[in-house]
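Engineer: Mind having a look at this structure? Questions to follow.
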2 protein chains.
Amino acid sequence: MSPVPLAVYGLSELRTALLRKDMLQAVEQALISHSEGRVVAPPPGVLLFEDPPGDCHIKSGYVRGGSVFVVKLAMGFYENPSRGLETNNGLVLVFDSHTGKTLAVLNDEGWLTSWRTAAAGALAAKAGAPSQVTALGIIGSGHQAQLQARWACELLGIKQVFIWGRRFDKAQRLAKSLVHQGLDAQAADSVEAVFAQCNVVITCTPSAQMIVPSAVVKAGTHIVALGADSPGKQELDPHLLKRARVIMTDDHAQCVDHGEMGHAVRAGLITEDADISLGRVLAGQVRGRFSDDDLTIADLTGLAAQDVALATLAVERIQALN
Amino acid sequence: MSPVPLAVYGLSELRTALLRKDMLQAVEQALISHSEGRVVAPPPGVLLFEDPPGDCHIKSGYVRGGSVFVVKLAMGFYENPSRGLETNNGLVLVFDSHTGKTLAVLNDEGWLTSWRTAAAGALAAKAGAPSQVTALGIIGSGHQAQLQARWACELLGIKQVFIWGRRFDKAQRLAKSLVHQGLDAQAADSVEAVFAQCNVVITCTPSAQMIVPSAVVKAGTHIVALGADSPGKQELDPHLLKRARVIMTDDHAQCVDHGEMGHAVRAGLITEDADISLGRVLAGQVRGRFSDDDLTIADLTGLAAQDVALATLAVERIQALN
């Protein structure tokens with residue numbers, strides 16, 4: 001047999017092929033499929049490095065009945081910035097789920113993960129938003145904060161954003177870049193100030209301890225917590241989960257293990273069955289909010305289903321373009 | 001940042017870059033490194049498919065102090081032959097272990113795995129061979145049988161090979177092709193006939209039950225068992241392990257879990273500490289054989305270290321050629 005040529009697509013091809021509205025739709029469908037138990041995703045693998053410190057996370061999965069399976073490699077090497085390199089890197093491999101044939105290598109440099117997270121955050125923001133959104137709050141000022149502001153504002157149909165970051169100058173810089181993109185964005189000087197102005201707030205920091213005290217959050221707020229994607233991370237005061245009328249999780253087991261929900265369960269503030277599935281809310285099977293006075297929380301830890309959805313979409317669109 | 005071009009190498013480049021003697025040396029060093037505890041390799045992941053039946057095994061690892069880490073994907077889709085496709089397929093990814101940067105995608109179609117297995121088999125054959133090898137026996141007539149015959153004959157410096165396969169015509173075809181390659185090869189009509197002629201025998205079948213009864217094996221024989229690479233497989237009568245003066249394993253835990261050793265331990269014929277490490281034999285730290293009358297067995301289940309070794313070698317050699 002002669003060697004099979006391998007289709008490799010880079011970031012510019014992915015940017016051309018993937019439209020935001022298609023990604024939102026694909027990730028919404030993925031969250032629903034996941035909630036219906038139609039996603040096969042074994043426990044992720046991880047390779048750890050000591051000198052220099054780094055990690056390689058290996059996730060894989062497929063949707064039953066789908067045409068592809070996906071293996072995603074996500075690398076983090078924490079001394080890279082001192083070498084002038086990005087900390088994170090990644091590669092997504094797409095295979096035919098009927099033959100095992102390699103369909104494509106997506107050399108996405110980690111962007112598919114950023115986009116699928118942004119899409120889930122925006123969808124979760126909408127799933128629990130009150131009928132009138134005053135403004136969007138963003139806790140965090142990094143790469144994901146920028147994406148969240150843009151995707152969620154677009155999906156919620158609003159323009160006003162308040163941003164708090166540990167470093168005020170970074171939050172200001174982010175606000176400025178969002179203004180350039182047509183949003184009415186400004187940096188806030190405290191977490192409290194964000195929650196005073198906004199009734200939908202997305203938290204997207206790598207924090208290892210709570211940064212949103214329960215006292216600053218008023219009734220009628222919807223919080224989307226994205227930061228706690230692995231053990232040891234936390235953004236919300238666990239009392240917020242006790243106060244919440246609705247807790248939506250992307251995956252029950254993951255959120256109990258290492259999401260915001262886990263902290264509240266371990267503190268004895270809520271029981272393990274306190275959550276409903278975000279996918280079921282998106283499917284219209286259960287309600288994400290009952291009244292405009294509800295405090296609601298979406299706890300997101302990230303799903304292989306989201307990776308599968310975007311990789312599938314990318315391969316379909318790129319093949320259609322070629 | 002602009003997209004990073006991805007280096008993809010196919011089978012023809014791998015064949016040009018990898019010389020058999022270099023592969024043997026690299027795999028020998030890998031087995032030694034593994035026995036010294038210098039290899040980091042998390043438990044493999046597996047994705048299973050039902051319709052059509054298939055699997056994708058994900059292995060990863062690195063040698064401490066080395067320059068790369070490796071992720072290997074090995075696919076088996078069992079209805080592929082009916083579609084005119086190979087059952088097995090694979091892809092090996094090589095990354096810089098200091099930065100996480102992708103160094104190369106080796107589109108090897110599963111050949112690196114075949115070669116690393118052939119190398120380990122040949123090295124294990126030599127590690128326990130009596131001082132005078134009468135002839136090499138091969139139990140099995142597939143792809144790996146062909147490689148084992150060639151690699152082991154070369155390393156042992158012999159020409160005579162006896163082959164038994166479940167299908168005599170397949171064994172004959174293999175013998176014929178080996179004759180074309182300069183070996184004195186013939187098909188044997190029974191397992192007993194192979195063991196009557198040969199004092200080094202390599203078993204490389206996908207058998208799920210023993211095919212080598214203890215009674216056909218005389219003292220002074222060295223057996224290398226390669227077939228039992230996952231739970232449920234077996235080639236040797238477990239009484240052979242009880243009779244053996246030396247049992248060498250590539251990895252103690254794997255062999256106790258799903259190698260030939262596991263069958264003998266579970267049958268109460270040997271204790272769990274009955275083996276020595278093949279890597280330590282290759283390093284000259286322990287003896288693989290004490291006298292020409294010993295019955296010795298090497299039990300191989302396959303190591304991530306072997307994959308790392310060949311992938312590292314491939315990338316080094318290809319980069320040196322370019």
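Labels used: A, B, ... for chains in the order of the structure tokens, numbers from 1 for residues in each chain, and numbers from 1 for ligands as shown.
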Could you go through stretch 66-287 of chain A and tell me which residues DSSP, when run on the backbone, assigns to helix (DSSP H, G or I), listing them as a PyMOL selection string?
Structural biologist: chain A and resi 80-83+111-128+143-156+168-180+191-197+214-216+238-243+252-258+260-266+278-282
Engineer: Quick one: DSSP strand (DSSP E or B) residues in stretch 161-270 of chain A, as a list in words?
Structural biologist: Val161, Phe162, Ile163, Trp164, Asp184, Ala185, Gln186, Ala187, Val200, Val201, Ile202, Thr203, Val212, His222, Ile223, Val224, Ala225, Leu236, Val246, Ile247, Met248 and Thr249 of chain A
Engineer: I need the chosen residues saved as a PDB file, in the first residue's frame, with C-alpha atoms.
Structural biologist:
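For reference, result19.pdb as written:
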```pdb
ATOM      1  CA  VAL A 161     -19.767  45.033  29.341  1.00  0.00           C
ATOM      2  CA  PHE A 162     -18.015  45.550  32.672  1.00  0.00           C
ATOM      3  CA  ILE A 163     -14.704  43.795  33.199  1.00  0.00           C
ATOM      4  CA  TRP A 164     -12.815  43.111  36.374  1.00  0.00           C
ATOM      5  CA  ASP A 184     -19.588  49.539  25.123  1.00  0.00           C
ATOM      6  CA  ALA A 185     -16.949  48.092  27.470  1.00  0.00           C
ATOM      7  CA  GLN A 186     -15.263  49.444  30.580  1.00  0.00           C
ATOM      8  CA  ALA A 187     -13.001  48.146  33.338  1.00  0.00           C
ATOM      9  CA  VAL A 200     -25.338  38.227  33.820  1.00  0.00           C
ATOM     10  CA  VAL A 201     -21.730  37.598  34.843  1.00  0.00           C
ATOM     11  CA  ILE A 202     -19.240  35.159  33.359  1.00  0.00           C
ATOM     12  CA  THR A 203     -16.219  34.176  35.474  1.00  0.00           C
ATOM     13  CA  VAL A 212     -16.866  36.159  44.038  1.00  0.00           C
ATOM     14  CA  HIS A 222     -27.158  34.684  36.455  1.00  0.00           C
ATOM     15  CA  ILE A 223     -23.544  33.545  36.888  1.00  0.00           C
ATOM     16  CA  VAL A 224     -21.653  31.387  34.405  1.00  0.00           C
ATOM     17  CA  ALA A 225     -18.528  29.932  36.047  1.00  0.00           C
ATOM     18  CA  LEU A 236     -17.376  31.295  43.494  1.00  0.00           C
ATOM     19  CA  VAL A 246     -31.081  26.683  39.577  1.00  0.00           C
ATOM     20  CA  ILE A 247     -27.628  25.134  39.172  1.00  0.00           C
ATOM     21  CA  MET A 248     -26.937  23.979  35.625  1.00  0.00           C
ATOM     22  CA  THR A 249     -23.907  21.764  34.986  1.00  0.00           C
TER      23      THR A 249
END
```
Engineer: Compile the contact shell of B:Val265 as a list in words: residues with an atom at most 12 Å away, counting only C-alpha atoms, same-chain residues fewer than 3 positions apart removed.
Structural biologist: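 Near neighbours after the sequence-gap exclusion: Pro238, His239, Leu240, Leu241, Lys242, Ala253, Cys255, Val256, Asp257, His258, Gly259, Glu260, Met261, Gly262, Gly268, Leu269, Ile270, Thr271, Glu272, Asp273, Ala274 and Asp275 of chain B.
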Engineer: With all Cα atoms paired residue by residue, do a least-squares superposition of chain B on chain A and hand back the transformed coordinates as a tab-separated table (two decimals) with C-alpha atoms, in the first residue's frame.
Structural biologist:
```
chain	number	residue	atom	x	y	z
B	1	MET	CA	-0.18	-0.07	0.02
B	2	SER	CA	1.15	3.38	-0.78
B	3	PRO	CA	1.35	5.94	2.00
B	4	VAL	CA	-1.83	7.90	2.57
B	5	PRO	CA	-1.36	11.65	2.35
B	6	LEU	CA	-2.38	13.38	5.54
B	7	ALA	CA	-4.64	16.44	5.45
B	8	VAL	CA	-3.26	19.10	7.79
B	9	TYR	CA	-5.19	22.33	8.34
B	10	GLY	CA	-3.82	25.34	10.13
B	11	LEU	CA	-5.40	28.20	12.01
B	12	SER	CA	-6.06	30.40	8.99
B	13	GLU	CA	-8.05	27.61	7.31
B	14	LEU	CA	-9.99	27.04	10.53
B	15	ARG	CA	-10.78	30.73	10.87
B	16	THR	CA	-12.09	30.81	7.30
B	17	ALA	CA	-14.13	27.63	7.66
B	18	LEU	CA	-15.72	28.21	11.05
B	19	LEU	CA	-18.40	30.85	11.45
B	20	ARG	CA	-19.38	31.85	14.97
B	21	LYS	CA	-23.07	31.07	14.54
B	22	ASP	CA	-22.27	27.60	13.22
B	23	MET	CA	-19.93	26.96	16.14
B	24	LEU	CA	-22.65	28.05	18.59
B	25	GLN	CA	-25.14	25.73	16.96
B	26	ALA	CA	-22.68	22.81	16.91
B	27	VAL	CA	-21.73	23.26	20.58
B	28	GLU	CA	-25.39	23.61	21.58
B	29	GLN	CA	-26.14	20.32	19.85
B	30	ALA	CA	-23.07	18.77	21.54
B	31	LEU	CA	-24.25	19.81	25.01
B	32	ILE	CA	-27.67	18.32	24.23
B	33	SER	CA	-26.16	15.08	22.86
B	34	HIS	CA	-23.99	14.83	25.97
B	35	SER	CA	-27.02	15.23	28.24
B	36	GLU	CA	-28.77	12.46	26.30
B	37	GLY	CA	-25.88	10.08	26.96
B	38	ARG	CA	-25.01	9.87	23.28
B	39	VAL	CA	-21.36	10.88	23.70
B	40	VAL	CA	-18.62	8.30	24.29
B	41	ALA	CA	-15.60	9.86	25.99
B	42	PRO	CA	-13.17	7.82	28.09
B	43	PRO	CA	-11.37	9.47	31.03
B	44	PRO	CA	-8.75	11.90	29.74
B	45	GLY	CA	-5.09	10.98	29.89
B	46	VAL	CA	-2.36	13.24	31.15
B	47	LEU	CA	1.42	13.25	30.77
B	48	LEU	CA	3.21	15.38	33.34
B	49	PHE	CA	6.66	16.92	32.93
B	50	GLU	CA	8.84	18.19	35.73
B	51	ASP	CA	11.81	19.93	34.24
B	52	PRO	CA	10.71	22.24	32.76
B	53	PRO	CA	7.16	21.96	34.18
B	54	GLY	CA	4.50	21.06	31.66
B	55	ASP	CA	1.58	18.84	30.86
B	56	CYS	CA	-0.09	17.19	27.93
B	57	HIS	CA	-3.80	16.41	28.26
B	58	ILE	CA	-5.24	13.80	25.94
B	59	LYS	CA	-9.00	13.80	25.39
B	60	SER	CA	-10.93	11.68	22.98
B	61	GLY	CA	-14.50	10.92	22.11
B	62	TYR	CA	-17.31	10.65	19.62
B	63	VAL	CA	-21.04	11.07	19.34
B	64	ARG	CA	-22.86	7.78	18.79
B	65	GLY	CA	-24.14	7.60	15.25
B	66	GLY	CA	-21.73	10.32	14.12
B	67	SER	CA	-19.24	9.99	11.30
B	68	VAL	CA	-16.01	10.90	13.11
B	69	PHE	CA	-14.06	10.49	16.31
B	70	VAL	CA	-11.67	13.01	17.72
B	71	VAL	CA	-8.46	12.94	19.75
B	72	LYS	CA	-7.39	16.26	21.21
B	73	LEU	CA	-3.96	17.01	22.61
B	74	ALA	CA	-3.57	20.13	24.73
B	75	MET	CA	-0.12	21.09	25.94
B	76	GLY	CA	0.81	23.62	28.64
B	77	PHE	CA	4.49	24.40	29.20
B	78	TYR	CA	4.77	27.07	31.83
B	79	GLU	CA	8.25	28.35	31.15
B	80	ASN	CA	7.54	28.91	27.46
B	81	PRO	CA	6.89	32.65	27.82
B	82	SER	CA	10.48	33.09	29.04
B	83	ARG	CA	11.57	31.51	25.74
B	84	GLY	CA	9.29	33.75	23.68
B	85	LEU	CA	6.82	30.91	23.08
B	86	GLU	CA	3.13	30.56	23.87
B	87	THR	CA	2.38	28.58	27.05
B	88	ASN	CA	-0.38	26.57	25.43
B	89	ASN	CA	-0.34	24.56	22.29
B	90	GLY	CA	-2.56	21.90	20.83
B	91	LEU	CA	-3.52	19.62	18.05
B	92	VAL	CA	-6.85	18.03	17.17
B	93	LEU	CA	-6.98	14.80	15.19
B	94	VAL	CA	-10.11	13.75	13.36
B	95	PHE	CA	-10.76	10.16	12.24
B	96	ASP	CA	-13.48	8.32	10.38
B	97	SER	CA	-15.47	6.42	13.04
B	98	HIS	CA	-16.36	3.66	10.57
B	99	THR	CA	-12.85	2.83	9.34
B	100	GLY	CA	-10.37	4.50	11.69
B	101	LYS	CA	-8.92	6.40	8.72
B	102	THR	CA	-7.27	9.72	9.61
B	103	LEU	CA	-9.39	12.48	8.07
B	104	ALA	CA	-7.48	15.52	9.24
B	105	VAL	CA	-4.95	16.97	11.60
B	106	LEU	CA	-6.14	20.35	12.85
B	107	ASN	CA	-3.09	22.34	13.83
B	108	ASP	CA	-5.27	24.77	15.75
B	109	GLU	CA	-2.72	25.97	18.34
B	110	GLY	CA	-5.40	25.56	20.99
B	111	TRP	CA	-8.00	27.80	19.34
B	112	LEU	CA	-10.68	25.14	18.93
B	113	THR	CA	-10.64	24.69	22.69
B	114	SER	CA	-10.93	28.44	23.21
B	115	TRP	CA	-13.84	28.66	20.79
B	116	ARG	CA	-15.72	25.69	22.16
B	117	THR	CA	-15.36	27.15	25.65
B	118	ALA	CA	-16.54	30.56	24.45
B	119	ALA	CA	-19.52	28.95	22.74
B	120	ALA	CA	-20.53	26.99	25.83
B	121	GLY	CA	-20.15	30.10	28.00
B	122	ALA	CA	-22.37	32.16	25.72
B	123	LEU	CA	-24.99	29.41	25.47
B	124	ALA	CA	-24.98	28.98	29.25
B	125	ALA	CA	-25.28	32.76	29.68
B	126	LYS	CA	-28.38	32.77	27.53
B	127	ALA	CA	-29.82	29.62	29.14
B	128	GLY	CA	-30.19	31.31	32.52
B	129	ALA	CA	-30.37	35.02	31.63
B	130	PRO	CA	-33.17	37.12	33.13
B	131	SER	CA	-35.70	38.58	30.68
B	132	GLN	CA	-33.92	41.96	30.74
B	133	VAL	CA	-30.14	41.81	30.73
B	134	THR	CA	-28.78	45.08	32.12
B	135	ALA	CA	-25.15	44.48	31.18
B	136	LEU	CA	-22.68	41.61	30.86
B	137	GLY	CA	-20.06	41.24	33.56
B	138	ILE	CA	-16.76	39.50	32.94
B	139	ILE	CA	-14.53	38.41	35.82
B	140	GLY	CA	-11.13	37.84	34.25
B	141	SER	CA	-9.14	39.73	31.66
B	142	GLY	CA	-7.32	37.06	29.68
B	143	HIS	CA	-7.78	35.49	26.31
B	144	GLN	CA	-10.99	33.68	27.27
B	145	ALA	CA	-12.43	36.85	28.84
B	146	GLN	CA	-12.12	38.58	25.48
B	147	LEU	CA	-13.88	35.75	23.67
B	148	GLN	CA	-16.63	35.50	26.31
B	149	ALA	CA	-17.38	39.22	26.08
B	150	ARG	CA	-17.78	39.09	22.32
B	151	TRP	CA	-19.64	35.79	21.98
B	152	ALA	CA	-22.02	36.35	24.91
B	153	CYS	CA	-22.83	39.96	23.95
B	154	GLU	CA	-23.68	38.83	20.46
B	155	LEU	CA	-25.84	35.94	21.61
B	156	LEU	CA	-27.61	38.02	24.30
B	157	GLY	CA	-28.03	40.95	21.91
B	158	ILE	CA	-26.39	43.49	24.26
B	159	LYS	CA	-23.48	45.91	24.02
B	160	GLN	CA	-22.61	46.91	27.59
B	161	VAL	CA	-19.78	45.03	29.33
B	162	PHE	CA	-18.05	45.55	32.69
B	163	ILE	CA	-14.73	43.81	33.21
B	164	TRP	CA	-12.83	43.12	36.39
B	165	GLY	CA	-9.36	41.67	36.39
B	166	ARG	CA	-6.80	41.15	39.13
B	167	ARG	CA	-4.71	43.70	37.26
B	168	PHE	CA	-6.73	46.83	36.51
B	169	ASP	CA	-4.48	47.80	33.58
B	170	LYS	CA	-5.13	44.48	31.88
B	171	ALA	CA	-8.89	44.90	32.35
B	172	GLN	CA	-8.58	48.39	30.87
B	173	ARG	CA	-6.65	47.08	27.89
B	174	LEU	CA	-9.29	44.43	27.28
B	175	ALA	CA	-12.10	47.01	27.58
B	176	LYS	CA	-10.33	49.22	25.05
B	177	SER	CA	-9.96	46.40	22.55
B	178	LEU	CA	-13.66	45.52	22.98
B	179	VAL	CA	-14.59	49.15	22.36
B	180	HIS	CA	-12.66	48.91	19.09
B	181	GLN	CA	-14.83	45.94	18.25
B	182	GLY	CA	-18.01	47.96	18.75
B	183	LEU	CA	-18.91	47.07	22.35
B	184	ASP	CA	-19.60	49.56	25.14
B	185	ALA	CA	-16.96	48.10	27.47
B	186	GLN	CA	-15.29	49.44	30.60
B	187	ALA	CA	-13.03	48.17	33.35
B	188	ALA	CA	-14.52	47.95	36.85
B	189	ASP	CA	-12.39	48.52	39.92
B	190	SER	CA	-13.92	45.71	41.97
B	191	VAL	CA	-15.84	42.46	41.64
B	192	GLU	CA	-18.60	44.18	43.63
B	193	ALA	CA	-18.84	46.95	41.04
B	194	VAL	CA	-19.32	44.39	38.27
B	195	PHE	CA	-22.15	42.66	40.13
B	196	ALA	CA	-23.75	46.04	40.97
B	197	GLN	CA	-24.04	46.84	37.23
B	198	CYS	CA	-24.64	43.44	35.66
B	199	ASN	CA	-27.23	40.69	36.04
B	200	VAL	CA	-25.37	38.22	33.83
B	201	VAL	CA	-21.76	37.59	34.85
B	202	ILE	CA	-19.25	35.16	33.37
B	203	THR	CA	-16.24	34.18	35.48
B	204	CYS	CA	-13.23	32.97	33.50
B	205	THR	CA	-10.10	33.11	35.64
B	206	PRO	CA	-7.58	30.41	36.60
B	207	SER	CA	-8.26	31.24	40.29
B	208	ALA	CA	-7.56	28.65	42.98
B	209	GLN	CA	-9.73	30.38	45.57
B	210	MET	CA	-13.09	32.09	45.51
B	211	ILE	CA	-13.12	35.60	44.11
B	212	VAL	CA	-16.90	36.18	44.05
B	213	PRO	CA	-18.24	36.55	47.63
B	214	SER	CA	-21.90	35.72	48.07
B	215	ALA	CA	-22.64	39.17	49.57
B	216	VAL	CA	-21.94	41.06	46.32
B	217	VAL	CA	-24.43	39.02	44.27
B	218	LYS	CA	-28.02	40.21	44.27
B	219	ALA	CA	-31.12	38.15	43.50
B	220	GLY	CA	-31.95	37.99	39.81
B	221	THR	CA	-28.33	37.44	38.75
B	222	HIS	CA	-27.18	34.67	36.45
B	223	ILE	CA	-23.56	33.53	36.89
B	224	VAL	CA	-21.67	31.38	34.41
B	225	ALA	CA	-18.54	29.94	36.05
B	226	LEU	CA	-15.98	28.63	33.56
B	227	GLY	CA	-12.71	28.79	35.44
B	228	ALA	CA	-12.84	25.63	37.54
B	229	ASP	CA	-11.91	23.14	34.83
B	230	SER	CA	-9.60	20.99	36.96
B	231	PRO	CA	-9.18	20.04	40.62
B	232	GLY	CA	-7.95	22.82	42.90
B	233	LYS	CA	-9.63	25.68	41.05
B	234	GLN	CA	-12.47	27.80	42.40
B	235	GLU	CA	-14.11	31.13	41.60
B	236	LEU	CA	-17.40	31.30	43.50
B	237	ASP	CA	-18.28	31.48	47.18
B	238	PRO	CA	-19.93	28.07	47.72
B	239	HIS	CA	-22.78	29.82	49.56
B	240	LEU	CA	-23.85	31.16	46.16
B	241	LEU	CA	-24.68	27.61	45.11
B	242	LYS	CA	-26.79	27.16	48.22
B	243	ARG	CA	-28.64	30.40	47.39
B	244	ALA	CA	-29.12	29.49	43.71
B	245	ARG	CA	-32.62	28.42	42.62
B	246	VAL	CA	-31.10	26.68	39.59
B	247	ILE	CA	-27.65	25.13	39.18
B	248	MET	CA	-26.94	23.98	35.62
B	249	THR	CA	-23.92	21.76	34.99
B	250	ASP	CA	-22.38	20.72	31.68
B	251	ASP	CA	-21.54	17.35	33.23
B	252	HIS	CA	-22.83	16.29	36.61
B	253	ALA	CA	-19.92	14.02	37.59
B	254	GLN	CA	-17.20	16.45	36.47
B	255	CYS	CA	-18.82	19.37	38.28
B	256	VAL	CA	-19.21	17.37	41.48
B	257	ASP	CA	-15.59	16.28	41.14
B	258	HIS	CA	-13.89	19.57	40.33
B	259	GLY	CA	-16.41	22.26	39.46
B	260	GLU	CA	-17.89	24.98	41.66
B	261	MET	CA	-20.55	22.47	42.60
B	262	GLY	CA	-17.94	20.19	44.13
B	263	HIS	CA	-16.82	22.88	46.58
B	264	ALA	CA	-20.42	23.43	47.74
B	265	VAL	CA	-21.14	19.69	48.02
B	266	ARG	CA	-17.97	19.07	50.03
B	267	ALA	CA	-18.84	22.00	52.29
B	268	GLY	CA	-22.20	20.35	52.99
B	269	LEU	CA	-24.09	23.35	51.57
B	270	ILE	CA	-25.90	21.48	48.81
B	271	THR	CA	-26.54	17.84	48.00
B	272	GLU	CA	-25.07	16.02	45.04
B	273	ASP	CA	-28.40	16.01	43.22
B	274	ALA	CA	-28.80	19.79	43.35
B	275	ASP	CA	-28.04	20.37	39.68
B	276	ILE	CA	-29.84	20.06	36.39
B	277	SER	CA	-28.22	19.46	33.02
B	278	LEU	CA	-27.39	22.48	30.86
B	279	GLY	CA	-28.01	20.28	27.81
B	280	ARG	CA	-31.56	19.59	28.96
B	281	VAL	CA	-32.14	23.32	29.52
B	282	LEU	CA	-30.86	24.02	25.99
B	283	ALA	CA	-33.12	21.27	24.63
B	284	GLY	CA	-36.09	23.01	26.30
B	285	GLN	CA	-36.80	20.02	28.54
B	286	VAL	CA	-36.25	21.82	31.83
B	287	ARG	CA	-36.23	25.48	32.81
B	288	GLY	CA	-33.01	27.39	33.46
B	289	ARG	CA	-34.86	30.12	35.33
B	290	PHE	CA	-38.34	30.46	36.82
B	291	SER	CA	-38.53	34.17	37.62
B	292	ASP	CA	-36.47	37.32	37.20
B	293	ASP	CA	-35.70	37.24	40.93
B	294	ASP	CA	-33.92	33.88	40.79
B	295	LEU	CA	-30.22	33.58	41.39
B	296	THR	CA	-29.03	31.02	38.85
B	297	ILE	CA	-25.60	29.48	38.22
B	298	ALA	CA	-24.14	27.56	35.31
B	299	ASP	CA	-21.09	25.49	36.26
B	300	LEU	CA	-18.97	24.50	33.24
B	301	THR	CA	-16.00	22.15	33.25
B	302	GLY	CA	-15.66	21.43	29.51
B	303	LEU	CA	-16.76	18.39	27.53
B	304	ALA	CA	-15.15	16.16	24.91
B	305	ALA	CA	-18.48	16.50	23.09
B	306	GLN	CA	-17.66	20.16	22.45
B	307	ASP	CA	-14.29	19.24	20.93
B	308	VAL	CA	-15.93	16.59	18.77
B	309	ALA	CA	-18.55	19.08	17.60
B	310	LEU	CA	-16.11	21.76	16.47
B	311	ALA	CA	-13.65	19.32	14.92
B	312	THR	CA	-16.47	17.67	12.97
B	313	LEU	CA	-17.74	21.04	11.81
B	314	ALA	CA	-14.24	22.14	10.79
B	315	VAL	CA	-13.57	19.06	8.70
B	316	GLU	CA	-16.98	19.24	7.01
B	317	ARG	CA	-16.61	22.92	6.17
B	318	ILE	CA	-13.00	22.69	5.01
B	319	GLN	CA	-13.82	19.73	2.79
B	320	ALA	CA	-16.81	21.61	1.36
B	321	LEU	CA	-14.59	24.64	0.60
B	322	ASN	CA	-11.94	22.53	-1.18
```
